[in-house]
Amino acid sequence: MSAATLSNGAASPTISSSKLLPRSHIITSPDAPAMTSSSNLKTGNSIRKSSTTSKNINNNDNDDPSAFLRNASSPAEIRAALAGLHARESSLTGRLDSLMAAQHHQDLSRSLTRLDNLRAGLGAQVIAARGVSNVMLAGASDTAAHLSSRVRTLDLEKQRVEDTLRVVEQVAELKACVAGVVGSMGAPQDWEAAAGYIARAAKVPEDIVRGGFAAAVVPTVEVPDAPWVTLENARESLCSLFLREFERAASEGDEARITRFFKLFPLIGRGDVGLDVYGRYVCQGVAQEARTRLKEGVKKDDFFFANALAKLFEHIAEIVAGHGSLVERHYGRGKMVKVIERLQMEADVQGGIILDAWSDERAVDRKLTDIRSYPFSFLVQSFLPQQRGGFGGTPRVNSPAIGTGANSNDPRRSEDEGVDMKEIFGLLSEIAVMLGRWSLYSRFLAAKCKDPDTPDDAPLGMPDVLIKSNLSRKVEAKLAKPFDAMTMFFFRRSVEKAFQLEESPTGLSLSMSKPIDSNPPFIISAVDDVMYIVNILIRKSIETSQRDVVDSLISTITSLLGSDFIRMIQRKMQEELCPHPVQAGGFPPENKIIAFIVLINSLDMANEYLSRIISGFLPPAAAGTRAAEQQQSVNVLRDTFPFKNDLKEVIKHLQDLERSYSSKTRELLQDSRQVLFNQVIKPRLRPILTDTFRDADYTLTEEELSEMLAQSVDDIDESDYLELVHRRFEHGWDALMKPMARLMTPKTFTTVLDLTARSLSKTLEKRVWGYAGGKASAYGAIRMERDFNGIIGTISKGNYGVREMFAKITQILMVANMDEEEWEELEGENGGGEDGEGADGGMDWLLTEEERRRARTIVRT
């Protein structure tokens, strides 16, 4: 019988439990197998009948009696199905009985016998254990429980006695302190002792001080009041006394007495009063010092107000640093913050006075109005498409401005008189100093107000005492915002003035016979002027240690470099100095070519200068930089921007400035170099190549070439003739490219050289393919390979990487000049593989298999 049949028979829901034989009967009755077999014989006919009947019900389920029962539709079918299930049950039971009787009967009997023996021994052990527990351990258990109860009772009594003694000791201490306070405040007038007694009494728990036991024991005939009443009266009396004495000592300037009474306030529980009166005292000194400095100073001094603000901050910092340990020692950790808050209130007043006086004295509001209304006429008119003269072009070289004579009515002159750039720069310098002092002061207070549990290397956070201060808001309104407005004006006006006073390098020539007096790089003066201003403004913004100021300045420089500086150069390239030929088929004028090259150099060097400026402020990351220098730069920036995320944001904005400018100039540089190639180099390459291959005939054999040279009227040696192509190209190439290499920056010339080499590679490749179809002799192909390698060597002189652009030509000529054995070996190694794979010992082929076969047709057979 299969496992499925066994499972179906066992799981049938129609089998009654009364039909199953007890397992004990199966084990003990030897006749069970025979009975089961007989039952099987009796039910055989029924099973066959049920099977026949079930076939009529469902032919697909004739092996599953339970299916008959589920599908039965009449009582007869149900009875037949039940009979089949009973037969299945009887068969399974018989088989199980036979199996157990045949294989496990003897083992099971032996196991049961052994189990009975073990059970008997275990019963005896249980009886013995109960006897031991009842006779031997019962008394010990009772004794242990009794002892534990007694120990707990004694511990409770001991605890109660200790609590009572503690209360008695505390009440005794309280009584002694009350007596000591009263006695010290009497004839001796020992205020330190009285304050000490009150401090000792404060350590007694309040519930004991106000408890009934203390109220009954502590009062005496001399001090009849309750102890808490006596102590509170003493605190009030001593607080008033200390206040009077402190103020008297402050008015007299007696530092010793000031310190003496300042230390007593926390002992009598009046620490807030002591900190408040101390704050008023130090603030009086701050106010007096600030007023004295403002009265006695010379306000016309460029940095008078900046120095006054710095002295104010230094005075407060000295007070906090010098008195902080005293406050922390006598009042507790973190209590100096209360004094700092009181000092900051005075700093708000005195600092506000200084900033208001500075703003009025320097006429800041009027200057802001002037710079906001400044028209920037030169820049605006330069970008107007209809403007070609006056302000729209670059009317002179080595000349300061149009109409700068004594009686000139030049509008630029009137605008410069309205806004003095020197005054604006002086204000920027003064504001930068004041912002830097404010940042230093903020950093100092942030360190003093930091949570004592904060790690030392954790970044600082701006304390609330500064965030909510009036001085912080006034610094933003009076210093930060004017600084942003003035830097925007100053930078844009500097760009405008740089192009007004623009000078180009003199003495430049494309003739190699003329020496150049100027020193490279050959750029317009505006690049040096503008990048110098960029460096100064970034440096001043970083010196302020204000992240918002740096962010605003970087954003301004990024915007104006793109909208004014780059745009001005772009306009000159496109409208004024683009090297177009004067007439069709001619060449551009030399002066325009030189001026155009100078503008390309200017864009490239501006990129280089800006990169140097940014790298000068950022931590060095280049390979080979010494670790000590790196760490020093990192520490300087971290000290300048110590607050959370400030350093990271400043570095990010500086890097964004470099990336933004580079991305804006990249496309213009590419276009300008392409224009230079198309308008200047490419037209001159055609006659150079024409002259180079003028007499080159690669169809001649060696004998034919010798005969031709022998018949030639020119007395030319064969070796000289073989070098003729290379020499002609080298002469024309040097005449074209060396003057440009002398004028251009290395980076821009390399790019132009790449453009030229790429174009030449295509031209030479077409010329080589022109000989396909057997148009060249074997000797001519060898000469062609020699000539082309000479040309490639001339082009790549000083820049070996250019040779890669001619790799395809080199491979074409190499294949064309292969011997048959080499070609067959190459074909065998290639094995008909894909393009560029499996060829010639791993060579990186640029030729397809079809092109290699075509190259073999260059030499006629």
# chains A, B, ... in the order shown; residues from 1 in each chain; ligands from 1
call {"tool": "residues_around", "arguments": {"residues": "Thr690 (chain A)", "least_positions_apart": "6", "cutoff": "12 Å", "atoms": "only C-alpha atoms", "output": "PyMOL selection string"}}
result
chain A and resi 683-684+696+725+728-729+732+763-764+767
call {"tool": "select_by_dssp", "arguments": {"residues": "region 619-755 of chain A", "states": "alpha helix (DSSP H)", "output": "NGL selection string"}}
result
:A and (627-640 or 646-676 or 682-692 or 702-711 or 718-722 or 724-743 or 746-755)
call {"tool": "closest_atom_pairs", "arguments": {"of": "region 290-356 of chain A", "to": "region 276-284 of chain A", "cutoff": "12 Å", "atoms": "only C-alpha atoms", "output": "CSV"}}
result
residue,atom,partner,partner_atom,distance
A:Ala290,CA,A:Gln284,CA,9.9
A:Arg291,CA,A:Gln284,CA,10.6
A:Leu312,CA,A:Cys283,CA,11.1
A:His315,CA,A:Val282,CA,10.0
A:Ile316,CA,A:Val282,CA,8.7
A:Ala317,CA,A:Val282,CA,11.6
A:Glu318,CA,A:Val282,CA,10.9
A:Ile319,CA,A:Val282,CA,7.6
A:Val320,CA,A:Val282,CA,9.8
A:Gly322,CA,A:Val282,CA,11.7
A:His323,CA,A:Val282,CA,10.0
A:Gly324,CA,A:Tyr278,CA,11.9
A:Leu326,CA,A:Tyr278,CA,11.7
A:Val327,CA,A:Tyr278,CA,9.9
A:Lys335,CA,A:Asp276,CA,11.2
A:Met336,CA,A:Gly279,CA,10.0
A:Val337,CA,A:Gly279,CA,10.7
A:Lys338,CA,A:Asp276,CA,8.0
A:Val339,CA,A:Gly279,CA,5.3
A:Ile340,CA,A:Gly279,CA,8.0
A:Glu341,CA,A:Gly279,CA,8.6
A:Arg342,CA,A:Gly279,CA,5.6
A:Leu343,CA,A:Cys283,CA,5.9
A:Gln344,CA,A:Cys283,CA,9.0
A:Met345,CA,A:Cys283,CA,8.7
A:Glu346,CA,A:Cys283,CA,6.0
A:Ala347,CA,A:Cys283,CA,8.4
A:Asp348,CA,A:Cys283,CA,11.2
A:Val349,CA,A:Cys283,CA,10.5
A:Gln350,CA,A:Cys283,CA,10.1
call {"tool": "closest_atom_pairs", "arguments": {"of": "region 636-677 of chain A", "to": "region 750-757 of chain A", "cutoff": "12 Å", "atoms": "only C-alpha atoms", "output": "CSV"}}
result
residue,atom,partner,partner_atom,distance
A:Arg666,CA,A:Thr751,CA,11.9
A:Leu669,CA,A:Thr751,CA,9.8
A:Gln670,CA,A:Thr751,CA,8.7
A:Asp671,CA,A:Val752,CA,11.0
A:Ser672,CA,A:Val752,CA,9.9
A:Arg673,CA,A:Val752,CA,6.1
A:Gln674,CA,A:Leu755,CA,7.6
A:Val675,CA,A:Val752,CA,10.0
A:Leu676,CA,A:Val752,CA,8.0
A:Phe677,CA,A:Val752,CA,6.8
call {"tool": "write_last_selection", "arguments": {"atoms": "C-alpha atoms", "output": "PDB file, in the first residue's frame"}}
result
ATOM      1  CA  ARG A 666      35.192  76.895 -21.739  1.00  0.00           C
ATOM      2  CA  LEU A 669      37.568  79.493 -25.587  1.00  0.00           C
ATOM      3  CA  GLN A 670      36.602  76.542 -27.765  1.00  0.00           C
ATOM      4  CA  ASP A 671      34.763  78.786 -30.214  1.00  0.00           C
ATOM      5  CA  SER A 672      37.580  81.340 -30.329  1.00  0.00           C
ATOM      6  CA  ARG A 673      40.234  78.694 -30.952  1.00  0.00           C
ATOM      7  CA  GLN A 674      38.055  77.220 -33.681  1.00  0.00           C
ATOM      8  CA  VAL A 675      37.695  80.666 -35.257  1.00  0.00           C
ATOM      9  CA  LEU A 676      41.466  81.137 -35.130  1.00  0.00           C
ATOM     10  CA  PHE A 677      41.971  77.807 -36.868  1.00  0.00           C
TER      11      PHE A 677
END
call {"tool": "closest_residue", "arguments": {"among": "A:Lys311, A:Arg372, A:Arg860, A:Lys295", "to": "Ala357 (chain A)", "atoms": "only C-alpha atoms"}}
result
A:Lys295
call {"tool": "atom_distance", "arguments": {"atom1": "CA of Ala101 (chain A)", "atom2": "CA of Ala87 (chain A)"}}
result
21.0 Å
call {"tool": "atom_distance", "arguments": {"atom1": "CA of Arg852 (chain A)", "atom2": "CA of Val815 (chain A)"}}
result
6.6 Å
call {"tool": "closest_residue", "arguments": {"among": "A:Gly269, A:Gly253, A:Gly562, A:Gly211", "to": "Glu236 (chain A)", "atoms": "only C-alpha atoms"}}
result
A:Gly269
call {"tool": "residues_around", "arguments": {"residues": "region 189-200 of chain A", "least_positions_apart": "5", "cutoff": "6 Å", "atoms": "only C-alpha atoms", "output": "VMD selection string"}}
result
chain A and resid 177 181 184 267 to 268
call {"tool": "atom_distance", "arguments": {"atom1": "CA of Ile597 (chain A)", "atom2": "CA of Met740 (chain A)"}}
result
8.1 Å
call {"tool": "residues_around", "arguments": {"residues": "region 798-814 of chain A", "least_positions_apart": "3", "cutoff": "6 Å", "atoms": "only C-alpha atoms", "output": "PyMOL selection string"}}
result
chain A and resi 761+765+785+817+846+855
call {"tool": "decode", "arguments": {"residues": "region 712-752 of chain A", "atoms": "N, CA and C atoms", "output": "PDB file, in the first residue's frame"}}
result
ATOM      1  N   SER A 712      66.826  65.828 -65.180  1.00  0.00           N
ATOM      2  CA  SER A 712      66.338  67.108 -64.680  1.00  0.00           C
ATOM      3  C   SER A 712      67.382  68.186 -64.884  1.00  0.00           C
ATOM      4  N   VAL A 713      66.896  69.375 -65.226  1.00  0.00           N
ATOM      5  CA  VAL A 713      67.808  70.499 -65.416  1.00  0.00           C
ATOM      6  C   VAL A 713      68.350  70.999 -64.081  1.00  0.00           C
ATOM      7  N   ASP A 714      67.587  70.733 -62.977  1.00  0.00           N
ATOM      8  CA  ASP A 714      68.045  71.118 -61.631  1.00  0.00           C
ATOM      9  C   ASP A 714      69.062  70.094 -61.147  1.00  0.00           C
ATOM     10  N   ASP A 715      70.179  70.587 -60.738  1.00  0.00           N
ATOM     11  CA  ASP A 715      71.222  69.696 -60.228  1.00  0.00           C
ATOM     12  C   ASP A 715      70.889  69.332 -58.794  1.00  0.00           C
ATOM     13  N   ILE A 716      70.112  68.260 -58.597  1.00  0.00           N
ATOM     14  CA  ILE A 716      69.642  67.855 -57.281  1.00  0.00           C
ATOM     15  C   ILE A 716      70.004  66.410 -57.042  1.00  0.00           C
ATOM     16  N   ASP A 717      70.544  66.167 -55.895  1.00  0.00           N
ATOM     17  CA  ASP A 717      70.934  64.810 -55.517  1.00  0.00           C
ATOM     18  C   ASP A 717      69.704  64.011 -55.130  1.00  0.00           C
ATOM     19  N   GLU A 718      69.788  62.696 -55.315  1.00  0.00           N
ATOM     20  CA  GLU A 718      68.628  61.850 -54.987  1.00  0.00           C
ATOM     21  C   GLU A 718      68.299  61.901 -53.499  1.00  0.00           C
ATOM     22  N   SER A 719      69.310  61.935 -52.645  1.00  0.00           N
ATOM     23  CA  SER A 719      69.058  62.000 -51.195  1.00  0.00           C
ATOM     24  C   SER A 719      68.374  63.310 -50.821  1.00  0.00           C
ATOM     25  N   ASP A 720      68.785  64.407 -51.509  1.00  0.00           N
ATOM     26  CA  ASP A 720      68.111  65.679 -51.237  1.00  0.00           C
ATOM     27  C   ASP A 720      66.671  65.647 -51.725  1.00  0.00           C
ATOM     28  N   TYR A 721      66.458  64.971 -52.855  1.00  0.00           N
ATOM     29  CA  TYR A 721      65.096  64.879 -53.384  1.00  0.00           C
ATOM     30  C   TYR A 721      64.198  64.086 -52.435  1.00  0.00           C
ATOM     31  N   LEU A 722      64.766  63.053 -51.833  1.00  0.00           N
ATOM     32  CA  LEU A 722      63.965  62.247 -50.913  1.00  0.00           C
ATOM     33  C   LEU A 722      63.581  63.035 -49.650  1.00  0.00           C
ATOM     34  N   GLU A 723      64.352  64.071 -49.306  1.00  0.00           N
ATOM     35  CA  GLU A 723      64.043  64.892 -48.143  1.00  0.00           C
ATOM     36  C   GLU A 723      63.229  66.133 -48.504  1.00  0.00           C
ATOM     37  N   LEU A 724      62.938  66.288 -49.803  1.00  0.00           N
ATOM     38  CA  LEU A 724      62.322  67.528 -50.262  1.00  0.00           C
ATOM     39  C   LEU A 724      60.934  67.743 -49.663  1.00  0.00           C
ATOM     40  N   VAL A 725      60.087  66.710 -49.617  1.00  0.00           N
ATOM     41  CA  VAL A 725      58.715  66.842 -49.097  1.00  0.00           C
ATOM     42  C   VAL A 725      58.753  67.249 -47.631  1.00  0.00           C
ATOM     43  N   HIS A 726      59.570  66.566 -46.867  1.00  0.00           N
ATOM     44  CA  HIS A 726      59.651  66.855 -45.439  1.00  0.00           C
ATOM     45  C   HIS A 726      60.145  68.277 -45.191  1.00  0.00           C
ATOM     46  N   ARG A 727      61.166  68.707 -45.952  1.00  0.00           N
ATOM     47  CA  ARG A 727      61.735  70.038 -45.731  1.00  0.00           C
ATOM     48  C   ARG A 727      60.758  71.136 -46.126  1.00  0.00           C
ATOM     49  N   ARG A 728      60.069  70.935 -47.255  1.00  0.00           N
ATOM     50  CA  ARG A 728      59.092  71.945 -47.668  1.00  0.00           C
ATOM     51  C   ARG A 728      57.993  72.090 -46.617  1.00  0.00           C
ATOM     52  N   PHE A 729      57.489  70.962 -46.119  1.00  0.00           N
ATOM     53  CA  PHE A 729      56.423  71.052 -45.114  1.00  0.00           C
ATOM     54  C   PHE A 729      56.938  71.692 -43.834  1.00  0.00           C
ATOM     55  N   GLU A 730      58.135  71.315 -43.431  1.00  0.00           N
ATOM     56  CA  GLU A 730      58.680  71.871 -42.194  1.00  0.00           C
ATOM     57  C   GLU A 730      58.859  73.377 -42.315  1.00  0.00           C
ATOM     58  N   HIS A 731      59.300  73.828 -43.475  1.00  0.00           N
ATOM     59  CA  HIS A 731      59.487  75.271 -43.682  1.00  0.00           C
ATOM     60  C   HIS A 731      58.146  76.005 -43.609  1.00  0.00           C
ATOM     61  N   GLY A 732      57.137  75.500 -44.310  1.00  0.00           N
ATOM     62  CA  GLY A 732      55.831  76.143 -44.277  1.00  0.00           C
ATOM     63  C   GLY A 732      55.168  76.043 -42.900  1.00  0.00           C
ATOM     64  N   TRP A 733      55.320  74.890 -42.260  1.00  0.00           N
ATOM     65  CA  TRP A 733      54.724  74.684 -40.933  1.00  0.00           C
ATOM     66  C   TRP A 733      55.339  75.623 -39.894  1.00  0.00           C
ATOM     67  N   ASP A 734      56.645  75.726 -39.879  1.00  0.00           N
ATOM     68  CA  ASP A 734      57.292  76.608 -38.909  1.00  0.00           C
ATOM     69  C   ASP A 734      56.926  78.068 -39.162  1.00  0.00           C
ATOM     70  N   ALA A 735      56.827  78.442 -40.442  1.00  0.00           N
ATOM     71  CA  ALA A 735      56.468  79.823 -40.744  1.00  0.00           C
ATOM     72  C   ALA A 735      55.050  80.143 -40.278  1.00  0.00           C
ATOM     73  N   LEU A 736      54.183  79.136 -40.268  1.00  0.00           N
ATOM     74  CA  LEU A 736      52.805  79.354 -39.853  1.00  0.00           C
ATOM     75  C   LEU A 736      52.617  79.247 -38.340  1.00  0.00           C
ATOM     76  N   MET A 737      53.194  78.238 -37.715  1.00  0.00           N
ATOM     77  CA  MET A 737      52.859  77.909 -36.331  1.00  0.00           C
ATOM     78  C   MET A 737      53.809  78.519 -35.314  1.00  0.00           C
ATOM     79  N   LYS A 738      55.060  78.691 -35.637  1.00  0.00           N
ATOM     80  CA  LYS A 738      55.994  79.223 -34.642  1.00  0.00           C
ATOM     81  C   LYS A 738      55.644  80.635 -34.187  1.00  0.00           C
ATOM     82  N   PRO A 739      55.220  81.531 -35.075  1.00  0.00           N
ATOM     83  CA  PRO A 739      54.802  82.850 -34.579  1.00  0.00           C
ATOM     84  C   PRO A 739      53.626  82.775 -33.614  1.00  0.00           C
ATOM     85  N   MET A 740      52.704  81.859 -33.889  1.00  0.00           N
ATOM     86  CA  MET A 740      51.570  81.705 -32.969  1.00  0.00           C
ATOM     87  C   MET A 740      52.011  81.092 -31.649  1.00  0.00           C
ATOM     88  N   ALA A 741      52.887  80.115 -31.725  1.00  0.00           N
ATOM     89  CA  ALA A 741      53.379  79.505 -30.485  1.00  0.00           C
ATOM     90  C   ALA A 741      54.118  80.525 -29.637  1.00  0.00           C
ATOM     91  N   ARG A 742      54.780  81.476 -30.275  1.00  0.00           N
ATOM     92  CA  ARG A 742      55.504  82.506 -29.544  1.00  0.00           C
ATOM     93  C   ARG A 742      54.546  83.467 -28.838  1.00  0.00           C
ATOM     94  N   LEU A 743      53.359  83.695 -29.423  1.00  0.00           N
ATOM     95  CA  LEU A 743      52.417  84.655 -28.857  1.00  0.00           C
ATOM     96  C   LEU A 743      51.417  84.019 -27.904  1.00  0.00           C
ATOM     97  N   MET A 744      51.033  82.781 -28.139  1.00  0.00           N
ATOM     98  CA  MET A 744      49.960  82.153 -27.367  1.00  0.00           C
ATOM     99  C   MET A 744      50.499  81.520 -26.087  1.00  0.00           C
ATOM    100  N   THR A 745      49.602  81.346 -25.134  1.00  0.00           N
ATOM    101  CA  THR A 745      49.967  80.604 -23.923  1.00  0.00           C
ATOM    102  C   THR A 745      50.115  79.134 -24.267  1.00  0.00           C
ATOM    103  N   PRO A 746      50.920  78.379 -23.528  1.00  0.00           N
ATOM    104  CA  PRO A 746      51.120  76.970 -23.869  1.00  0.00           C
ATOM    105  C   PRO A 746      49.818  76.177 -23.942  1.00  0.00           C
ATOM    106  N   LYS A 747      48.904  76.450 -23.047  1.00  0.00           N
ATOM    107  CA  LYS A 747      47.660  75.686 -23.031  1.00  0.00           C
ATOM    108  C   LYS A 747      46.815  75.970 -24.263  1.00  0.00           C
ATOM    109  N   THR A 748      46.659  77.245 -24.625  1.00  0.00           N
ATOM    110  CA  THR A 748      45.842  77.572 -25.789  1.00  0.00           C
ATOM    111  C   THR A 748      46.514  77.100 -27.083  1.00  0.00           C
ATOM    112  N   PHE A 749      47.841  77.214 -27.175  1.00  0.00           N
ATOM    113  CA  PHE A 749      48.512  76.752 -28.388  1.00  0.00           C
ATOM    114  C   PHE A 749      48.385  75.240 -28.530  1.00  0.00           C
ATOM    115  N   THR A 750      48.463  74.520 -27.417  1.00  0.00           N
ATOM    116  CA  THR A 750      48.298  73.067 -27.486  1.00  0.00           C
ATOM    117  C   THR A 750      46.929  72.703 -28.036  1.00  0.00           C
ATOM    118  N   THR A 751      45.905  73.427 -27.629  1.00  0.00           N
ATOM    119  CA  THR A 751      44.566  73.151 -28.131  1.00  0.00           C
ATOM    120  C   THR A 751      44.455  73.471 -29.614  1.00  0.00           C
ATOM    121  N   VAL A 752      45.011  74.603 -30.027  1.00  0.00           N
ATOM    122  CA  VAL A 752      44.999  74.953 -31.457  1.00  0.00           C
ATOM    123  C   VAL A 752      45.800  73.942 -32.261  1.00  0.00           C
TER     124      VAL A 752
END
